[in-house]
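> Okay, so here is model00.pdb, and as you'll see once you scroll down, it has PDB, C-alpha atoms.
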ATOM      1  CA  GLN X   1      67.034  59.449 -21.815
ATOM      2  CA  THR X   2      68.862  56.138 -21.494
ATOM      3  CA  ILE X   3      67.636  55.801 -17.927
ATOM      4  CA  ILE X   4      64.069  56.702 -18.949
ATOM      5  CA  PHE X   5      64.262  54.177 -21.810
ATOM      6  CA  LYS X   6      65.524  51.466 -19.519
ATOM      7  CA  VAL X   7      62.819  52.190 -16.938
ATOM      8  CA  SER X   8      60.135  52.265 -19.607
ATOM      9  CA  THR X   9      61.418  49.045 -21.108
ATOM     10  CA  GLY X  10      61.458  47.423 -17.662
ATOM     11  CA  ILE X  11      57.910  48.552 -16.991
ATOM     12  CA  LEU X  12      56.783  47.188 -20.340
ATOM     13  CA  ILE X  13      58.489  43.880 -19.684
ATOM     14  CA  ILE X  14      56.914  43.671 -16.242
ATOM     15  CA  ALA X  15      53.523  44.617 -17.697
ATOM     16  CA  PHE X  16      53.941  41.996 -20.419
ATOM     17  CA  PHE X  17      54.715  39.236 -17.977
ATOM     18  CA  TYR X  18      51.925  40.446 -15.651
ATOM     19  CA  LEU X  19      49.513  40.320 -18.587
ATOM     20  CA  ILE X  20      50.650  36.764 -19.347
ATOM     21  CA  TYR X  21      50.165  35.952 -15.681
ATOM     22  CA  LEU X  22      46.628  37.363 -15.729
ATOM     23  CA  ILE X  23      45.802  35.404 -18.868
ATOM     24  CA  ARG X  24      47.101  32.186 -17.290
ATOM     25  CA  VAL X  25      45.161  32.880 -14.078
ATOM     26  CA  LYS X  26      42.016  33.516 -16.107
ATOM     27  CA  ARG X  27      42.551  30.279 -18.027
ATOM     28  CA  LEU X  28      43.156  28.360 -14.806
ATOM     29  CA  LEU X  29      40.028  29.818 -13.246
ATOM     30  CA  LYS X  30      38.040  28.922 -16.349
ATOM     31  CA  SER X  31      39.489  25.390 -16.296
ATOM     32  CA  LYS X  32      38.690  25.159 -12.606
ATOM     33  CA  LEU X  33      35.082  26.240 -13.231
ATOM     34  CA  ILE X  34      34.773  23.752 -16.094
ATOM     35  CA  LEU X  35      36.239  20.999 -13.917
ATOM     36  CA  LYS X  36      33.883  21.946 -11.066
ATOM     37  CA  GLN X  37      30.890  21.822 -13.431
ATOM     38  CA  MET X  38      32.061  18.462 -14.766
ATOM     39  CA  VAL X  39      32.359  17.107 -11.214
ATOM     40  CA  GLU X  40      28.891  18.434 -10.338
ATOM     41  CA  ASP X  41      27.435  16.913 -13.513
ATOM     42  CA  ARG X  42      29.071  13.553 -12.837
ATOM     43  CA  THR X  43      27.906  13.694  -9.206
ATOM     44  CA  THR X  44      24.335  14.395 -10.345
ATOM     45  CA  GLN X  45      24.535  11.546 -12.843
ATOM     46  CA  LEU X  46      25.865   9.237 -10.135
ATOM     47  CA  GLU X  47      23.108  10.280  -7.723
ATOM     48  CA  ASP X  48      20.488   9.732 -10.436
ATOM     49  CA  ALA X  49      21.957   6.306 -11.199
ATOM     50  CA  ILE X  50      21.900   5.393  -7.501
ATOM     51  CA  GLU X  51      18.275   6.550  -7.213
ATOM     52  CA  GLU X  52      17.335   4.602 -10.333
ATOM     53  CA  LEU X  53      19.077   1.509  -8.978
ATOM     54  CA  LYS X  54      17.373   1.965  -5.619
ATOM     55  CA  PHE X  55      13.991   2.394  -7.325
ATOM     56  CA  SER X  56      14.469  -0.702  -9.467
ATOM     57  CA  SER X  57      15.596  -2.754  -6.469
ATOM     58  CA  LEU X  58      12.366  -1.865  -4.622
ATOM     59  CA  THR X  59       9.979  -2.078  -7.591
ATOM     60  CA  ASP X  60       8.278  -4.992  -9.312
ATOM     61  CA  PRO X  61       9.292  -4.662 -12.985
ATOM     62  CA  LEU X  62       5.976  -5.960 -14.376
ATOM     63  CA  THR X  63       3.380  -4.016 -12.388
ATOM     64  CA  GLN X  64       5.581  -1.101 -11.240
ATOM     65  CA  LEU X  65       4.273  -1.620  -7.703
ATOM     66  CA  LYS X  66       6.702  -1.920  -4.811
ATOM     67  CA  ASN X  67       8.151  -5.314  -3.898
ATOM     68  CA  ARG X  68       8.640  -7.143  -0.598
ATOM     69  CA  ARG X  69      11.984  -5.472   0.021
ATOM     70  CA  TYR X  70      10.259  -2.088   0.141
ATOM     71  CA  ILE X  71       8.036  -2.905   3.102
ATOM     72  CA  THR X  72      10.923  -4.338   5.120
ATOM     73  CA  GLN X  73      12.780  -1.042   4.717
ATOM     74  CA  TYR X  74       9.971   1.427   5.395
ATOM     75  CA  ILE X  75       7.239  -0.128   7.536
ATOM     76  CA  ASP X  76       8.955   0.200  10.932
ATOM     77  CA  ALA X  77       8.648   3.998  10.957
ATOM     78  CA  ASP X  78       4.886   3.739  10.353
ATOM     79  CA  LEU X  79       4.494   1.160  13.129
ATOM     80  CA  LYS X  80       6.234   3.472  15.593
ATOM     81  CA  LEU X  81       3.941   6.383  14.654
ATOM     82  CA  ALA X  82       0.834   4.220  15.087
ATOM     83  CA  ILE X  83       2.028   2.919  18.465
ATOM     84  CA  ARG X  84       2.808   6.457  19.646
ATOM     85  CA  ALA X  85      -0.649   7.684  18.620
ATOM     86  CA  TYR X  86      -2.361   4.912  20.578
ATOM     87  CA  LYS X  87      -0.162   5.481  23.615
ATOM     88  CA  ASN X  88      -1.027   9.181  23.478
ATOM     89  CA  LYS X  89      -4.745   8.293  23.427
ATOM     90  CA  SER X  90      -5.181   9.808  19.968
ATOM     91  CA  PRO X  91      -5.867   6.771  17.810
ATOM     92  CA  LYS X  92      -8.202   8.444  15.320
ATOM     93  CA  GLU X  93      -6.961   7.714  11.789
ATOM     94  CA  SER X  94      -3.782   6.157  13.179
ATOM     95  CA  ASP X  95      -4.380   2.595  12.011
ATOM     96  CA  LEU X  96      -2.338   0.675   9.470
ATOM     97  CA  VAL X  97      -4.562  -1.796   7.645
ATOM     98  CA  PHE X  98      -2.873  -4.735   5.918
ATOM     99  CA  LEU X  99      -4.961  -6.040   3.015
ATOM    100  CA  LEU X 100      -3.973  -9.138   1.049
ATOM    101  CA  PHE X 101      -5.512  -9.592  -2.412
ATOM    102  CA  ASP X 102      -5.469 -12.799  -4.432
ATOM    103  CA  ILE X 103      -6.810 -13.055  -7.990
ATOM    104  CA  ASP X 104      -9.296 -15.938  -8.101
ATOM    105  CA  HIS X 105      -8.590 -18.813 -10.526
ATOM    106  CA  PHE X 106      -5.577 -17.002 -11.915
ATOM    107  CA  LYS X 107      -3.931 -20.262 -12.994
ATOM    108  CA  GLN X 108      -6.806 -20.800 -15.413
ATOM    109  CA  VAL X 109      -5.828 -17.583 -17.202
ATOM    110  CA  ASN X 110      -2.271 -18.821 -17.798
ATOM    111  CA  ASP X 111      -3.463 -22.294 -18.771
ATOM    112  CA  THR X 112      -6.183 -21.086 -21.131
ATOM    113  CA  TYR X 113      -4.802 -17.886 -22.632
ATOM    114  CA  GLY X 114      -1.052 -18.085 -21.970
ATOM    115  CA  HIS X 115       1.403 -16.267 -19.738
ATOM    116  CA  LEU X 116       1.269 -13.001 -21.693
ATOM    117  CA  ALA X 117      -2.432 -12.854 -20.896
ATOM    118  CA  GLY X 118      -1.625 -13.563 -17.269
ATOM    119  CA  ASP X 119       0.850 -10.665 -17.240
ATOM    120  CA  ALA X 120      -1.788  -8.377 -18.766
ATOM    121  CA  ILE X 121      -4.226  -9.320 -16.007
ATOM    122  CA  LEU X 122      -1.603  -8.617 -13.315
ATOM    123  CA  VAL X 123      -0.797  -5.184 -14.747
ATOM    124  CA  GLN X 124      -4.463  -4.198 -15.010
ATOM    125  CA  PHE X 125      -5.177  -5.518 -11.513
ATOM    126  CA  ALA X 126      -2.297  -3.414 -10.185
ATOM    127  CA  ASN X 127      -3.715  -0.362 -11.960
ATOM    128  CA  ILE X 128      -7.094  -0.914 -10.285
ATOM    129  CA  LEU X 129      -5.365  -0.976  -6.907
ATOM    130  CA  LYS X 130      -3.511   2.243  -7.769
ATOM    131  CA  ALA X 131      -6.818   3.893  -8.635
ATOM    132  CA  SER X 132      -8.518   2.570  -5.497
ATOM    133  CA  PHE X 133      -5.982   3.653  -2.888
ATOM    134  CA  ARG X 134      -4.094   6.826  -2.079
ATOM    135  CA  ASP X 135      -0.595   7.683  -3.282
ATOM    136  CA  SER X 136       0.532   7.582   0.353
ATOM    137  CA  ASP X 137      -0.528   3.933   0.778
ATOM    138  CA  MET X 138       1.919   1.095   0.195
ATOM    139  CA  LEU X 139       1.006  -1.027  -2.836
ATOM    140  CA  ILE X 140       3.118  -4.130  -3.129
ATOM    141  CA  ARG X 141       3.203  -7.119  -5.421
ATOM    142  CA  TRP X 142       3.496  -9.773  -2.762
ATOM    143  CA  GLY X 143       4.177 -12.655  -5.122
ATOM    144  CA  GLY X 144       2.548 -14.331  -8.113
ATOM    145  CA  GLU X 145      -1.071 -13.197  -8.230
ATOM    146  CA  GLU X 146      -1.021 -11.946  -4.629
ATOM    147  CA  PHE X 147      -0.863  -8.272  -3.721
ATOM    148  CA  LEU X 148      -0.455  -6.455  -0.413
ATOM    149  CA  VAL X 149      -1.812  -2.995   0.349
ATOM    150  CA  VAL X 150      -0.922  -1.176   3.549
ATOM    151  CA  SER X 151      -3.512   1.546   3.957
ATOM    152  CA  ARG X 152      -1.667   4.062   6.117
ATOM    153  CA  PHE X 153      -3.083   6.094   8.986
ATOM    154  CA  VAL X 154      -6.764   5.429   8.472
ATOM    155  CA  ASP X 155      -9.740   4.537  10.618
ATOM    156  CA  ARG X 156     -10.112   0.751  10.586
ATOM    157  CA  GLU X 157     -13.870   1.110  10.922
ATOM    158  CA  ASN X 158     -14.058   2.358   7.332
ATOM    159  CA  MET X 159     -12.054  -0.486   5.863
ATOM    160  CA  SER X 160     -14.939  -2.845   5.183
ATOM    161  CA  ASN X 161     -16.441  -0.260   2.823
ATOM    162  CA  ILE X 162     -13.144   0.103   0.981
ATOM    163  CA  ALA X 163     -12.617  -3.671   0.734
ATOM    164  CA  GLU X 164     -16.125  -4.107  -0.648
ATOM    165  CA  ARG X 165     -15.657  -1.276  -3.141
ATOM    166  CA  VAL X 166     -12.443  -2.801  -4.490
ATOM    167  CA  ARG X 167     -13.962  -6.298  -4.595
ATOM    168  CA  GLN X 168     -16.900  -4.963  -6.614
ATOM    169  CA  ARG X 169     -14.642  -2.952  -8.903
ATOM    170  CA  ILE X 170     -12.604  -6.062  -9.736
ATOM    171  CA  GLU X 171     -15.750  -8.112 -10.345
ATOM    172  CA  ASP X 172     -17.144  -5.522 -12.761
ATOM    173  CA  PHE X 173     -13.882  -4.819 -14.581
ATOM    174  CA  GLU X 174     -13.317  -5.985 -18.156
ATOM    175  CA  PHE X 175      -9.753  -7.297 -18.355
ATOM    176  CA  LYS X 176      -8.405  -6.860 -21.880
ATOM    177  CA  LEU X 177      -6.011  -9.428 -23.334
ATOM    178  CA  GLU X 178      -3.309  -8.829 -25.941
ATOM    179  CA  ASP X 179      -5.491 -10.235 -28.732
ATOM    180  CA  GLY X 180      -8.415  -7.952 -27.873
ATOM    181  CA  ARG X 181     -10.471 -10.522 -26.015
ATOM    182  CA  VAL X 182     -12.123  -9.491 -22.754
ATOM    183  CA  ILE X 183     -12.425 -11.689 -19.657
ATOM    184  CA  HIS X 184     -13.689 -11.206 -16.134
ATOM    185  CA  ARG X 185     -11.911 -12.127 -12.903
ATOM    186  CA  THR X 186     -12.718 -11.762  -9.223
ATOM    187  CA  CYS X 187     -10.499 -11.515  -6.176
ATOM    188  CA  SER X 188     -10.460 -12.634  -2.557
ATOM    189  CA  ILE X 189      -9.359 -10.262   0.195
ATOM    190  CA  GLY X 190      -8.195 -10.781   3.759
ATOM    191  CA  TYR X 191      -7.216  -7.965   6.074
ATOM    192  CA  ALA X 192      -6.279  -7.025   9.619
ATOM    193  CA  ALA X 193      -5.394  -3.716  11.260
ATOM    194  CA  PHE X 194      -2.395  -2.585  13.301
ATOM    195  CA  PRO X 195      -2.251  -2.183  16.244
ATOM    196  CA  PHE X 196      -3.916  -5.582  16.442
ATOM    197  CA  ILE X 197      -4.361  -5.234  20.215
ATOM    198  CA  GLN X 198      -5.605  -1.677  20.541
ATOM    199  CA  SER X 199      -5.278  -1.642  24.336
ATOM    200  CA  ASN X 200      -1.692  -2.875  24.053
ATOM    201  CA  PRO X 201      -0.401  -1.467  20.742
ATOM    202  CA  GLU X 202       3.125  -2.833  21.009
ATOM    203  CA  VAL X 203       1.913  -6.435  20.825
ATOM    204  CA  GLY X 204       2.411  -8.014  17.410
ATOM    205  CA  GLY X 205       4.603  -7.041  14.487
ATOM    206  CA  TRP X 206       3.744  -6.398  10.865
ATOM    207  CA  ASP X 207       4.728  -9.947   9.904
ATOM    208  CA  GLN X 208       2.162 -11.321  12.371
ATOM    209  CA  LEU X 209      -0.462  -8.955  10.935
ATOM    210  CA  ILE X 210       0.223 -10.343   7.486
ATOM    211  CA  ASN X 211      -0.128 -13.886   8.853
ATOM    212  CA  ILE X 212      -3.525 -12.965  10.271
ATOM    213  CA  ALA X 213      -4.563 -11.252   7.014
ATOM    214  CA  ASP X 214      -3.427 -14.397   5.188
ATOM    215  CA  ILE X 215      -5.654 -16.558   7.396
ATOM    216  CA  ALA X 216      -8.582 -14.277   6.549
ATOM    217  CA  LEU X 217      -7.687 -14.357   2.840
ATOM    218  CA  PHE X 218      -7.671 -18.134   2.629
ATOM    219  CA  ALA X 219     -10.917 -18.309   4.576
ATOM    220  CA  ALA X 220     -12.455 -16.114   1.862
ATOM    221  CA  LYS X 221     -11.024 -18.334  -0.878
ATOM    222  CA  ARG X 222     -12.112 -21.611   0.757
ATOM    223  CA  SER X 223     -15.594 -20.320   1.428
ATOM    224  CA  GLN X 224     -16.646 -18.908  -1.938
ATOM    225  CA  ARG X 225     -14.013 -16.575  -3.404
ATOM    226  CA  ASN X 226     -14.979 -13.115  -4.637
ATOM    227  CA  ALA X 227     -15.256 -12.111  -0.980
ATOM    228  CA  TRP X 228     -13.427 -10.350   1.811
ATOM    229  CA  VAL X 229     -12.837 -11.436   5.407
ATOM    230  CA  SER X 230     -11.291  -9.446   8.247
ATOM    231  CA  LEU X 231     -10.045 -10.540  11.659
ATOM    232  CA  SER X 232      -9.663  -8.413  14.781
ATOM    233  CA  VAL X 233      -9.430  -9.015  18.501
ATOM    234  CA  THR X 234     -10.648  -6.992  21.444
ATOM    235  CA  LYS X 235      -9.183  -8.959  24.378
ATOM    236  CA  ASP X 236      -5.725  -8.288  25.770
ATOM    237  CA  LEU X 237      -2.975 -10.629  24.590
ATOM    238  CA  ASN X 238       0.778 -10.518  24.991
ATOM    239  CA  ASN X 239       3.221 -11.430  22.234
ATOM    240  CA  GLU X 240       3.483 -15.066  23.279
ATOM    241  CA  GLU X 241      -0.287 -15.471  23.480
ATOM    242  CA  LEU X 242      -0.755 -13.829  20.085
ATOM    243  CA  ALA X 243       1.862 -16.104  18.501
ATOM    244  CA  ARG X 244       0.148 -19.112  20.077
ATOM    245  CA  VAL X 245      -3.231 -17.997  18.720
ATOM    246  CA  ILE X 246      -1.841 -17.536  15.188
ATOM    247  CA  ASN X 247      -0.246 -20.989  15.223
ATOM    248  CA  THR X 248      -3.282 -22.799  16.577
ATOM    249  CA  SER X 249      -6.172 -24.331  14.654
ATOM    250  CA  GLN X 250      -7.804 -21.754  12.408
ATOM    251  CA  ASN X 251     -11.227 -22.880  13.588
ATOM    252  CA  ILE X 252     -10.144 -21.896  17.095
ATOM    253  CA  ILE X 253      -8.772 -18.593  15.795
ATOM    254  CA  SER X 254     -12.176 -17.646  14.449
ATOM    255  CA  SER X 255     -13.705 -18.262  17.864
ATOM    256  CA  LEU X 256     -11.119 -16.048  19.578
ATOM    257  CA  MET X 257     -11.371 -13.156  17.134
ATOM    258  CA  THR X 258     -14.019 -10.857  15.766
ATOM    259  CA  VAL X 259     -14.874 -11.734  12.186
ATOM    260  CA  GLU X 260     -16.317  -9.402   9.544
ATOM    261  CA  SER X 261     -17.011 -10.450   5.984
ATOM    262  CA  SER X 262     -18.879  -9.807   2.787
ATOM    263  CA  ILE X 263     -20.118 -13.387   3.278
ATOM    264  CA  LYS X 264     -23.483 -12.713   4.877
ATOM    265  CA  ASN X 265     -23.674 -15.822   7.037
ATOM    266  CA  LEU X 266     -20.429 -16.009   9.024
ATOM    267  CA  ASP X 267     -21.166 -19.647   9.822
ATOM    268  CA  ASP X 268     -20.606 -20.388   6.133
ATOM    269  CA  ILE X 269     -16.958 -19.334   6.353
ATOM    270  CA  VAL X 270     -14.631 -22.313   5.967
ATOM    271  CA  TRP X 271     -11.509 -21.827   8.058
ATOM    272  CA  GLU X 272      -9.771 -25.106   7.330
ATOM    273  CA  LYS X 273      -9.887 -27.716   4.601
TER     274      LYS X 273
END
Can the structure in the file be given as structure tokens, please?

Amino acid sequence: QTIIFKVSTGILIIAFFYLIYLIRVKRLLKSKLILKQMVEDRTTQLEDAIEELKFSSLTDPLTQLKNRRYITQYIDADLKLAIRAYKNKSPKESDLVFLLFDIDHFKQVNDTYGHLAGDAILVQFANILKASFRDSDMLIRWGGEEFLVVSRFVDRENMSNIAERVRQRIEDFEFKLEDGRVIHRTCSIGYAAFPFIQSNPEVGGWDQLINIADIALFAAKRSQRNAWVSLSVTKDLNNEELARVINTSQNIISSLMTVESSIKNLDDIVWEK
């Protein structure tokens, strides 16, 4: 009996310590799961914070459009796709159209109604652009009252209709100020399409396209405002020749390029002061 008692007691002691061991293992596993969940939660929070920081660094805080930094980070991939499409002889709806918008007489809004009114106009103008273009297009506040839209993978032949539709929409729109007053504004538009040299799609970068669109924009503003002007070229040019054309007299540029405009008489377009 003594032997049986001792064996039984030993078994009970072993069972007791094994039970304690199991409880500790269970607690450790639970702690490990809790710690793992905490790490996952903190990782998710960190990723969300990084995304929020990234979003804010690429977004204009007033209009919630993208800013200049955005285009420098993302445009190169689009350029490569457009170039590849043209090289593969499949250019249909492979164009990138760069449109610059400038609100006409915007300074008068700030001077007459104040800067809060100016901000209200900018926000509403941005909303019109959002409603006028696709979610896949790049909408960027370029600076001040100037906006850039990159209409992605479209047919450039349709762009004049879109530019005219947006111009008309801005002209007809009733901009509402903070105090309830309503005013009207117009805008000037200049645009050019990439590839600029369709027969040689690698000629010219996006910064040169914006320079060309800017030339067209200021031609619209000098001529009459509330208008759009586009520039394109059909002859072959290399990069050096294109740079030389852009930096030459704007009157000469107009003679080297094809001009389209909402201004009915192209001879009325004023290229230089």
> Would you translate the PyMOL selection byres ((chain X and resi 108) around 12) into the concrete set of residues it matches in this file, as a list in words?
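Taken over the shown coordinates, the PyMOL selection byres ((chain X and resi 108) around 12) returns Ile103, Asp104, His105, Phe106, Lys107, Val109, Asn110, Asp111, Thr112, Tyr113, Gly114, His115, Ala117, Gly118, Ile121, Glu145, Ile183, His184 and Arg185 of chain X.
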> Up to 12 Å from (2.1, 5.1, -0.3) in the file's coordinates: name the residues, counting all atoms listed in the file, as number ranges by chain.
X: 65-66, 70-71, 74-75, 78, 96, 129-130, 133-140, 148-153
> The residues within 6 Å of (-4.4, 6.0, 13.9), using all atoms listed in the file and the coordinates of the file, should be reported as a list in words; which are they?
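Within the cut-off we find Ala82, Pro91, Lys92, Glu93, Ser94, Asp95, Phe153 and Val154 of chain X.
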> On this file, the PyMOL selection byres ((chain X and resi 202) around 9) gives some set of residues; write that set as a compact mmCIF listing (two decimals) with C-alpha atoms, in the coordinates of the input.

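To be explicit, this is the file written out as result-v9.txt:
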# COMPACT_ATOMS: atom_id res chain seq x y z
CA LEU X 79 4.49 1.16 13.13
CA LYS X 80 6.23 3.47 15.59
CA ILE X 83 2.03 2.92 18.46
CA PRO X 195 -2.25 -2.18 16.24
CA PHE X 196 -3.92 -5.58 16.44
CA ILE X 197 -4.36 -5.23 20.22
CA GLN X 198 -5.60 -1.68 20.54
CA ASN X 200 -1.69 -2.88 24.05
CA PRO X 201 -0.40 -1.47 20.74
CA VAL X 203 1.91 -6.44 20.82
CA GLY X 204 2.41 -8.01 17.41
CA GLY X 205 4.60 -7.04 14.49
CA ASN X 238 0.78 -10.52 24.99
CA ASN X 239 3.22 -11.43 22.23
> So what does the PyMOL selection byres ((chain X and resi 226) around 12) actually pick up in this one, as a PyMOL selection string?
chain X and resi 101-105+163-172+184-190+217-225+227-229+261-263
> Counting only C-alpha atoms, which residue out of X:Asp76, X:Gln64, X:Glu157, X:Phe5 sits closest to Trp206 (chain X)?
X:Asp76
> Quote the spacing between CA of Tyr21 (chain X) and CA of Ile4 (chain X) in Å to one decimal place.
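For CA of Tyr21 (chain X) relative to CA of Ile4 (chain X), the distance reads 25.2 Å.
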> Around all the atoms of region 204-215 of chain X listed in the file, with 4 Å of room on each side, what axis-aligned box do you get, giving centre and edge lengths in Å to one decimal, as JSON?

{"center_x": -0.5, "center_y": -11.5, "center_z": 11.3, "size_x": 18.4, "size_y": 18.2, "size_z": 20.2}
> Would you mind reading off the distance between CA of Ser230 (chain X) and CA of Val259 (chain X), one decimal, in Å?
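CA of Ser230 (chain X) sits 5.8 Å away from CA of Val259 (chain X).
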> Looking at X:Leu99, X:Ile34, X:Leu266, X:Leu58, which one is nearest to Arg156 (chain X), with distances taken over all atoms listed in the file?
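Among X:Leu99, X:Ile34, X:Leu266, X:Leu58, it is X:Leu99 that comes nearest to Arg156 (chain X).
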> What does the distance between CA of Asp207 (chain X) and CA of Asn247 (chain X) come to in Å, to one decimal place?
13.2 Å
> Of the residues X:Ile3, X:Leu231, X:Leu256, X:Ile128, which is the one nearest to Phe173 (chain X), using only C-alpha atoms?
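Selected residue with least distance to Phe173 (chain X): X:Ile128.
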> So which one's closest to Lys235 (chain X), X:Ser199, X:Asn161, X:Ser255, X:Asn127? Using only C-alpha atoms, please.
X:Ser199
> From the set X:Gln124, X:Asn211, X:Ser160, X:Asn67, which residue has the shortest atom-to-atom contact distance to Arg141 (chain X), counting all atoms listed in the file?
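Residue with the minimum atom-to-atom distance to Arg141 (chain X): X:Asn67.
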